[in-house]
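Right, one structure below, let's go through it.
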There are 4 protein chains.
Amino acid sequence: MKIGIASRPDDPKSLEYAKELAAFIEERGHEIIFEESTSKALGISGGEPAGEIHADMIIVFGGDGTVLRTVRQMKKQLPILGVNMGHVGFLAEIEPEEMREVFEKIEKGSYTIEKRMRLSLKVDGEYIGEALNEAVIVTSRPAKIIELTINIDHIPAERFRADGVLISTPTGSTGYAMSAGGPIVDPWIESFLIVPIAPYYLSSRPHVVSSQRRISVELDSTKPADLVTDGLYITELYNGNVLSVEMSKEPALFVNAGRNFFAKVDKKLKRL
Amino acid sequence: MKIGIASRPDDPKSLEYAKELAAFIEERGHEIIFEESTSKALGISGGEPAGEIHADMIIVFGGDGTVLRTVRQMKKQLPILGVNMGHVGFLAEIEPEEMREVFEKIEKGSYTIEKRMRLSLKVDGEYIGEALNEAVIVTSRPAKIIELTINIDHIPAERFRADGVLISTPTGSTGYAMSAGGPIVDPWIESFLIVPIAPYYLSSRPHVVSSQRRISVELDSTKPADLVTDGLYITELYNGNVLSVEMSKEPALFVNAGRNFFAKVDKKLKRL
Amino acid sequence: MKIGIASRPDDPKSLEYAKELAAFIEERGHEIIFEESTSKALGISGGEPAGEIHADMIIVFGGDGTVLRTVRQMKKQLPILGVNMGHVGFLAEIEPEEMREVFEKIEKGSYTIEKRMRLSLKVDGEYIGEALNEAVIVTSRPAKIIELTINIDHIPAERFRADGVLISTPTGSTGYAMSAGGPIVDPWIESFLIVPIAPYYLSSRPHVVSSQRRISVELDSTKPADLVTDGLYITELYNGNVLSVEMSKEPALFVNAGRNFFAKVDKKLKRL
Amino acid sequence: MKIGIASRPDDPKSLEYAKELAAFIEERGHEIIFEESTSKALGISGGEPAGEIHADMIIVFGGDGTVLRTVRQMKKQLPILGVNMGHVGFLAEIEPEEMREVFEKIEKGSYTIEKRMRLSLKVDGEYIGEALNEAVIVTSRPAKIIELTINIDHIPAERFRADGVLISTPTGSTGYAMSAGGPIVDPWIESFLIVPIAPYYLSSRPHVVSSQRRISVELDSTKPADLVTDGLYITELYNGNVLSVEMSKEPALFVNAGRNFFAKVDKKLKRL
């Protein structure tokens with residue numbers, strides 16, 4: 001096999017584990033290709049940008065943020081296996097202690113590739129990118145409420161005043177959406193999770209909406225708002241701007257070396 | 001067309017509207033068949049048990065409970081159109097004022113039939129019935145906590161102490177599940193909504209799980225619990241009893257005369 | 001000093017620790033008096049009913065339930081120190097490992113006695129008892145909604161449909177009230193915490209109400225409800241029955257050997 | 001009596017009602033003094049800054065924001081009666097239709113003056129002002145989590161990661177605190193309501209803490225945060241900055257012409 005390796009370049013512990021596993025994998029006769037910033041940080045030549053790596057999978061060392069960044073950088077999605085060096089790690093699923101054992105399973109073919117739905121996003125009809133976790137519209141003036149209209153299939157379904165709203169994938173349901181009060185959503189369900197952030201109307205509830213529908217959010221507010229996707233600031237939105245959300249044609253790919261999604265998640269929830 | 005008519009037999013207002021619409025429909029040259037308890041209450045002969053009516057659809061007058069009962073009584077599901085005589089009415093979707101207008105739309109074929117997933121339920125392997133809204137396991141001793149294990153695909157995913165738990169369909173997400181803190185789930189998504197009732201563990205969150213998975217709930221508690229489906233008491237459960245839930249092969253069928261699910265729901269939420 | 005000792009009589013571990021600490025205390029020259037069921041379980045003669053013990057304080061071994069029972073049995077409240085043998089233990093505050101060390105602090109006078117407000121309860125004007133944690137009114141038919149009116153200072157403040165409602169003290173805010181979604185309330189605040197259980201109306205929120213006010217709850221429902229106080233079933237309530245709640249003149253007394261309430265609570269919340 | 005009148009200067013409807021009630025009051029032989037910006041907007045001479053008005057009370061026309069601003073401007077607190085021209089109006093308690101009738105009650109002395117606790121705030125020991133509703137610390141980078149330590153009586157009680165936290169008075173419990181998931185707190189209870197905003201830890205719950213305690217919040221985060229009080233931006237906070245909160249010695253004063261706080265609040269909640 002040909003295995004890509006990417007690490008948080010600024011975290012010595014992640015880099016060390018990356019190096020260690022790379023050595024273990026090469027010893028067993030496989031080819032390693034380092035992501036560019038990782039190889040630089042390790043003082044190794046020959047790295048390639050994440051977007052240009054050709055490999056059977058990429059093993060990522062870091063927290064959920066490192067996984068999100070790697071997915072964003074890949075032009076064509078390769079399967080990802082995340083080794084969790086962070087606090088909880090819903091996307092970086094395996095712990096460093098078990099990385100060798102998991103790799104041996106993978107070597108034997110004892111794993112599956114899971115598709116994880118992403119969002120394809122437009123502002124006022126113009127494409128602005130994809131998101132694996134969520135797109136957030138949030139007041140850009142701290143503690144100033146904004147007014148939003150949520151359209152589902154082009155029909156206004158809900159209008160509310162809130163700090164903001166987030167449109168999440170099932171993968172993102174264990175991230176910011178959870179802090180805002182959303183449910184855990186099975187990654188097998190292609191759907192949009194819509195969660196208002198600190199809504200002023202008590203009737204505003206999280207909604208789980210089929211990915212076959214079209215979602216758009218209109219800012220109805222003289223106060224501006226920020227658009228943030230997967231934790232990255234994208235742009236400021238003004239009165240009348242519309243964010244449209246559909247399911248991306250290119251899902252992210254995750255290596256699952258055999259554990260049950262819900263058993264993993266609930267174990268992690270207990271740690272929060 | 002041949003139209004079935006069923007009403008709450010103990011509510012004069014529902015019966016009156018049922019009679020009124022039946023007359024309107026017959027005048028327009030269609031055939032009417034009354035459900036048995038409805039015809040008795042109206043003093044009309046010739047009614048048939050809901051389970052034996054053959055018709056293009058059944059129009060039901062009452063609250064959500066009347067709709068649930070009619071669905072339960074049908075051996076083979078016929079499309080249902082609910083006229084709401086109750087408080088809010090998520091299942092009984094149309095208001096009495098618009099019943100004529102909606103029927104005229106139906107006459108012109110301007111409607112769709114929506115499939116609504118139901119649950120197929122077993123206790124310790126023995127079939128006990130279907131549910132359109134939800135199955136609830138709840139302590140049978142008031143205010144005494146029980147312990148439950150939720151298995152997803154035969155793997156224990158979560159174990160918690162609570163008053164109980166409910167497994168709901170998307171249709172049930174606007175019912176008891178909502179009171180217990182669950183999200184609104186799109187009926188287009190075939191899924192199980194699992195909501196703990198007054199959980200003692202703060203990490204217990206609502207879960208939305210694909211209908212392709214198998215769910216079971218085990219009572220791990222010396223205190224007994226009640227099993228209730230769609231508001232009807234079914235049986236008492238004891239330590240070690242297991243409720244298994246799958247998607248039923250026979251969905252309920254609802255007549256949709258043209259309105260958007262979410263716009264309707266959110267209008268109703270505002271009334272709660 | 002004269003120290004009372006009470007234990008869960010059916011839990012060998014609690015009994016063993018009770019015996020151990022009693023020996024330690026006697027060795028240091030203090031007098032021990034066992035609660036009756038505890039002395040019986042230990043095979044020691046000379047126990048007294050909890051209600052008749054005269055002592056400087058009672059040390060209780062068990063979970064929160066054992067503390068609640070001891071408080072209930074005392075005619076005149078003595079200060080209580082709870083040794084937690086249960087799962088989390090908000091009322092049984094100290095852990096068995098630290099019981100000797102805490103007793104040495106107490107011996108030196110390095111402790112305070114905290115008053116903990118209790119509820120004094122009447123049904124239709126007739127006194128039915130006190131509660132340290134909460135009074136709960138909950139549907140006696142599983143999963144059947146009841147309708148309740150909450151009066152504050154004799155004026156209807158809120159009317160809602162729910163599984164039930166609980167009126168909690170600040171002490172009870174870490175118990176059932178928390179499972180139902182209530183906030184943590186400082187025991188220094190004499191107040192009633194009113195929390196609806198699975199309310200059908202989305203506008204129903206927890207309320208924290210001054211103990212100077214009078215609270216009453218009226219059952220407005222053809223379906224009966226159960227009244228449960230501190231986890232004990234008291235009576236069934238019917239349509240029109242009224243539960244009145246005031247602050248009891250006899251607070252419970254707790255020994256605090258020096259720790260901050262909130263630091264303790266938040267440490268325990270993390271374990272849930 | 002001598003009555004101050006203040007209005008939103010930019011809202012014609014508020015100004016009109018202010019003028020109308022002023023005429024009504026003068027006709028009945030009382031003296032009127034307009035707040036400066038109100039008199040300017042009305043083209044009337046002789047207005048005085050809110051901070052310098054001497055009167056028996058000030059009647060304020062506008063939304064909750066107008067009431068908050070007037071309270072902030074007064075050096076010595078005068079009793080306030082708010083006439084609600086806005087959406088819901090928890091602070092502006094009476095509706096324009098009833099303003100005459102309420103004034104006649106006041107004329108007869110049939111009213112009470114309620115004290116409403118305010119917060120006195122310091123950053124790193126330096127006084128920064130008072131707040132009637134709440135102080136909010138919120139991430140200044142949209143959707144970037146910050147880490148906060150809450151100290152109660154100088155002891156770290158809780159540490160969490162969240163979008164932010166708010167410290168509210170009981171008066172503020174129907175404002176932003178409610179959107180963030182806090183309970184309704186009786187204004188008779190002098191207390192701090194601490195509510196985390198979108199907390200990442202599931203064990204983070206709202207706390208109601210006695211006003212006799214000292215609260216401080218420390219920012220433990222490389223990311224900066226904004227401090228906002230009663231909806232006004234105050235300053236940016238950095239890693240290690242500490243906000244200290246005590247009960248102000250100068251409460252706000254509200255005219256209550258006879259209605260029950262909870263009945264009013266719950267009526268308004270239904271409108272949200």
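Chains: A, B, ... in order of the structure tokens. Residues: from 1 per chain. Ligands: from 1, in order shown.
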(message) If you run DSSP on the backbone here, which positions in region 47-254 of chain C get helix (DSSP H, G or I)? Please write them as a PyMOL selection string.
(response) chain C and resi 50-52+64-73+96-107+171-174+176-179
(message) I want to know what sits within 10 Å of region 109-121 of chain C, based on only C-alpha atoms, with residues of the same chain fewer than 5 positions away left out; could you give that as JSON, numbers by chain?
(response) {"C": [57, 78, 79, 80, 81, 102, 103, 104, 126, 127, 128, 129, 130, 131, 132, 133, 134, 135, 167, 168, 169, 170, 171, 172, 187, 188, 189, 190, 191, 192, 211, 216, 229, 243, 244, 245, 246, 247, 248, 249, 250, 251, 252, 253, 254, 255, 256, 257, 258, 259]}
(request) Pull the strand (DSSP E) assignments for region 134-272 of chain B out of DSSP run on the backbone, and list those residues as number ranges by chain. (result) B: 134-139, 146-152, 155-162, 164-168, 184-185, 191-197, 207-210, 215-219, 225-229, 232-237, 242-247, 252-256
(request) For CA of Asp163 (chain D) and CA of Val209 (chain C), quote the distance in Å rounded to one decimal. (result)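 Between CA of Asp163 (chain D) and CA of Val209 (chain C) the gap works out to 28.6 Å.
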(message) Using only C-alpha atoms, I'd like every residue of chain D that has an atom within 7 Å of chain C; please write them out as a ChimeraX atom specification.
(response) /D:156-158,183-186,188-189,203,205-210,262-263,266,269-270
Okay, now the selection with C-alpha atoms, as a JSON list (two decimals), in the first residue's frame?
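Contents of the output file selection00.json:
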[["chain", "number", "residue", "atom", "x", "y", "z"],
["D", 156, "PRO", "CA", -12.76, 27.85, 41.13],
["D", 157, "ALA", "CA", -16.20, 26.28, 40.87],
["D", 158, "GLU", "CA", -16.32, 25.46, 37.21],
["D", 183, "PRO", "CA", -34.49, 29.69, 34.05],
["D", 184, "ILE", "CA", -36.87, 32.56, 34.94],
["D", 185, "VAL", "CA", -35.71, 34.00, 38.28],
["D", 186, "ASP", "CA", -38.00, 35.91, 40.64],
["D", 188, "TRP", "CA", -37.43, 39.16, 44.77],
["D", 189, "ILE", "CA", -34.41, 36.83, 44.89],
["D", 203, "SER", "CA", -22.08, 18.99, 32.35],
["D", 205, "ARG", "CA", -25.52, 23.90, 33.63],
["D", 206, "PRO", "CA", -27.08, 27.23, 34.54],
["D", 207, "HIS", "CA", -26.37, 28.19, 38.18],
["D", 208, "VAL", "CA", -28.35, 30.53, 40.43],
["D", 209, "VAL", "CA", -25.98, 31.92, 43.06],
["D", 210, "SER", "CA", -26.70, 34.04, 46.14],
["D", 262, "PHE", "CA", -45.10, 35.67, 37.03],
["D", 263, "ALA", "CA", -48.53, 36.07, 35.46],
["D", 266, "ASP", "CA", -45.75, 33.78, 31.41],
["D", 269, "LEU", "CA", -43.41, 33.92, 27.08],
["D", 270, "LYS", "CA", -46.37, 32.59, 25.13]]
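In this structure, CA of Tyr238 (chain A) sits 8.9 Å away from CA of Asp226 (chain A).
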(message) With only C-alpha atoms as the counted atoms, please give the residues lying no more than 8 Å from Leu219 (chain C), apart from itself and same-chain residues fewer than 4 positions off, as a list of chain:residue names.
(response)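 Result of the neighbour search: C:Ile146, C:Glu147, C:Leu148, C:Thr149, C:Ala225, C:Leu237, C:Tyr238, C:Asn239, C:Gly240, C:Asn241, C:Val242.
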(request) Compile the contact shell of Ala6 (chain A) as a PyMOL selection string: residues with an atom at most 12 Å away, counting only C-alpha atoms, same-chain residues fewer than 5 positions apart removed. (result) chain A and resi 11+14-19+21-22+32-42+47-51+53+57-63+66-71+73-74+80-83
(request) Record the distance separating CA of Lys223 (chain C) and CA of Ala143 (chain C), expressed in Å with one decimal. (result)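 Going from CA of Lys223 (chain C) over to CA of Ala143 (chain C), I get 11.3 Å.
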